[in-house]
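Peer 1: Mind looking over this structure? Questions follow.
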Amino acid sequence: MLKRKVLFKGKAAAIFSLIIIATLLFTACSSRGQQQQKATGTIIAAGSTAMQPLVEEAASQFMSKNPGIQVQVQGGGSGTGLKLVYDGTVQIGNSDVPAEEKLDKEKAKELEAHKICIVGFAVIANPNVKVDNLTKSQLIDIFTGKINNWKYVGGDDQKIVVINRPTGSGTRATFTKYALDGKEETQGVALTQDSSGTVKKAVSETPGAISYIALSYLDGSVKVMKLDGVEPTKENIIEGKYPVWSYEYMYTKGEPTGIVKSFIDYMKSDEVKHIIEKLGYIPISEMKVSR
């Protein structure tokens with residue numbers, strides 16, 4: 001009788017061991033299957049250089065959470081980004097302006113807009129310029145070539161060197177619309193730089209220079225100008241006191257799907273909000289005015 005009990009216990013132990021092994025094998029196979037099902041692929045986002053620092057940092061964070069996905073972020077300006085996403089060259093076009101301001105209406109209708117945040121733009125000057133405030137009228141006269149010396153706006157007897165952006169730039173379009181009341185600069189008056197970073201560098205190194213960049217690029221290397229006595233701060237933009245700002249858009253050709261949708265959803269999530277604030281952008285939810 002004792003021998004039978006021992007045999008029974010032995011068989012039970014063997015069966016239990018087989019069950020454990022089978023469970024472990026199933027779990028391992030299931031885990032491998034889940035790993036194989038993880039999203040993979042490459043997303044290319046191009047366009048606005050004003051938006052580029054935000055997208056780059058968010059993309060780095062997104063890729064660390066999704067190691068099978070690569071997100072490549074390129075500049076080129078809003079107009080370029082919109083053209084590339086319409087052509088299918090990239091999956092996302094980053095823009096400071098609505099698509100219909102850079103593409104014809106029929107093309108713009110094929111693109112889907114995704115508002116991400118707000119960006120403000122500051123008038124900047126070389127650090128040695130003695131002026132720290134301009135009226136809108138003075139600013140318009142400077143960028144249209146009517147005023148060409150700082151002495152006419154309270155500064156030293158020094159030539160004003162205007163540094164502008166290419167015509168495809170969303171930053172330029174926003175600045176022209178809200179800072180210059182739609183008045184385009186006179187041809188031949190300004191030097192041209194093709195990105196926010198190169199504009200900042202050129203202004204910091206060029207005596208008498210003036211230009212404009214996104215607040216996210218300010219780092220103390222240039223003088224930040226008041227406009228009609230109002231500083232370009234987050235608080236003044238939120239309250240509607242400072243007018244030179246725009247929405248930052250991500251455009252896709254039609255509704256996004258797959259990994260592109262995942263990345264855009266991530267850009268709109270609370271996980272990116274702290275990056276938006278850290279880099280000097282403004283969450284849409286905080287605005288007290290809209291356009």
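Residues are named by chain letter and number: chains run A, B, ... in the order of the structure tokens, numbers start at 1 in each chain, and ligands are numbered from 1 in the order shown.
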Which neighbours of Ala58 of chain A fall inside 12 Å, counting only C-alpha atoms, when residues of the same chain fewer than 6 positions from it are skipped, and could you give them as a list in words?
Peer 2: Ala45, Met51, Gln52, Ser64, Lys65, Val71, Gln72, Val73, Ile116, Phe263, Ile264, Asp265, Tyr266, Met267, Lys268, Ser269, Asp270, Glu271, Val272, Lys273, His274, Ile275, Ile276, Lys278 and Leu279 of chain A
Peer 1: Just asking: which residues within segment 134-226 of chain A are alpha helix (DSSP H) according to DSSP, as a ChimeraX atom specification?
Peer 2: /A:136-143,170-178,196-205
Peer 1: Output C-alpha atoms for every residue in the selection just made, as a CSV table (one decimal), in the first residue's frame.
Peer 2:
chain,number,residue,atom,x,y,z
A,136,LYS,CA,4.9,98.6,-35.1
A,137,SER,CA,5.1,101.5,-37.4
A,138,GLN,CA,8.9,101.7,-36.9
A,139,LEU,CA,9.2,98.0,-37.4
A,140,ILE,CA,7.3,98.1,-40.7
A,141,ASP,CA,9.5,101.0,-41.9
A,142,ILE,CA,12.7,99.1,-41.0
A,143,PHE,CA,11.6,95.9,-42.9
A,170,GLY,CA,6.2,79.9,-42.1
A,171,THR,CA,8.0,82.1,-39.6
A,172,ARG,CA,8.3,84.8,-42.2
A,173,ALA,CA,4.6,84.4,-43.2
A,174,THR,CA,3.6,84.8,-39.5
A,175,PHE,CA,5.9,87.7,-38.9
A,176,THR,CA,4.7,89.5,-42.1
A,177,LYS,CA,1.0,89.0,-41.2
A,178,TYR,CA,1.1,89.9,-37.5
A,196,SER,CA,16.0,79.9,-37.1
A,197,GLY,CA,19.4,78.7,-35.9
A,198,THR,CA,21.3,80.5,-38.7
A,199,VAL,CA,19.3,83.6,-38.2
A,200,LYS,CA,20.1,83.8,-34.5
A,201,LYS,CA,23.8,83.2,-35.3
A,202,ALA,CA,23.9,85.9,-38.0
A,203,VAL,CA,22.2,88.5,-35.8
A,204,SER,CA,24.5,87.8,-32.9
A,205,GLU,CA,27.6,88.3,-35.1
Peer 1: So which one's closest to Tyr86 of chain A, A:Thr40, A:Gln193, A:Thr252, A:Ser246? Using only C-alpha atoms, please.
Peer 2: A:Thr252
Peer 1: Please compute the atom CA of Lys83 of chain A-atom CA of Ala39 of chain A distance, one decimal, in Å.
Peer 2: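 Distance between the two atoms: 27.2 Å.
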Peer 1: Restrict the calculation to only C-alpha atoms, then for each residue of segment 19-130 of chain A with any atom at most 12 Å from an atom of segment 234-238 of chain A give the closest atom pair and their distance in Å to one decimal, rows by chain and rising residue number, as a tab-separated table.
Peer 2:
residue	atom	partner	partner_atom	distance
A:Cys117	CA	A:Ile238	CA	12.0
A:Ile118	CA	A:Ile237	CA	9.2
A:Val119	CA	A:Lys234	CA	9.1
A:Gly120	CA	A:Ile237	CA	7.2
A:Phe121	CA	A:Ile237	CA	9.9
A:Ala122	CA	A:Lys234	CA	11.1
Peer 1: State, in Å with one decimal place, the distance from atom CA of Lys130 of chain A to atom CA of Asp156 of chain A.
Peer 2: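 Taking atom CA of Lys130 of chain A as the start and atom CA of Asp156 of chain A as the end point, the length is 6.8 Å.
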Peer 1: Can you work out which one of A:Gly155, A:Gly168, A:Gly280, A:Gly47 has the shortest atom-to-atom distance to Pro232 of chain A, counting only C-alpha atoms?
Peer 2: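 Between A:Gly155, A:Gly168, A:Gly280, A:Gly47, the residue approaching Pro232 of chain A most closely is A:Gly280.
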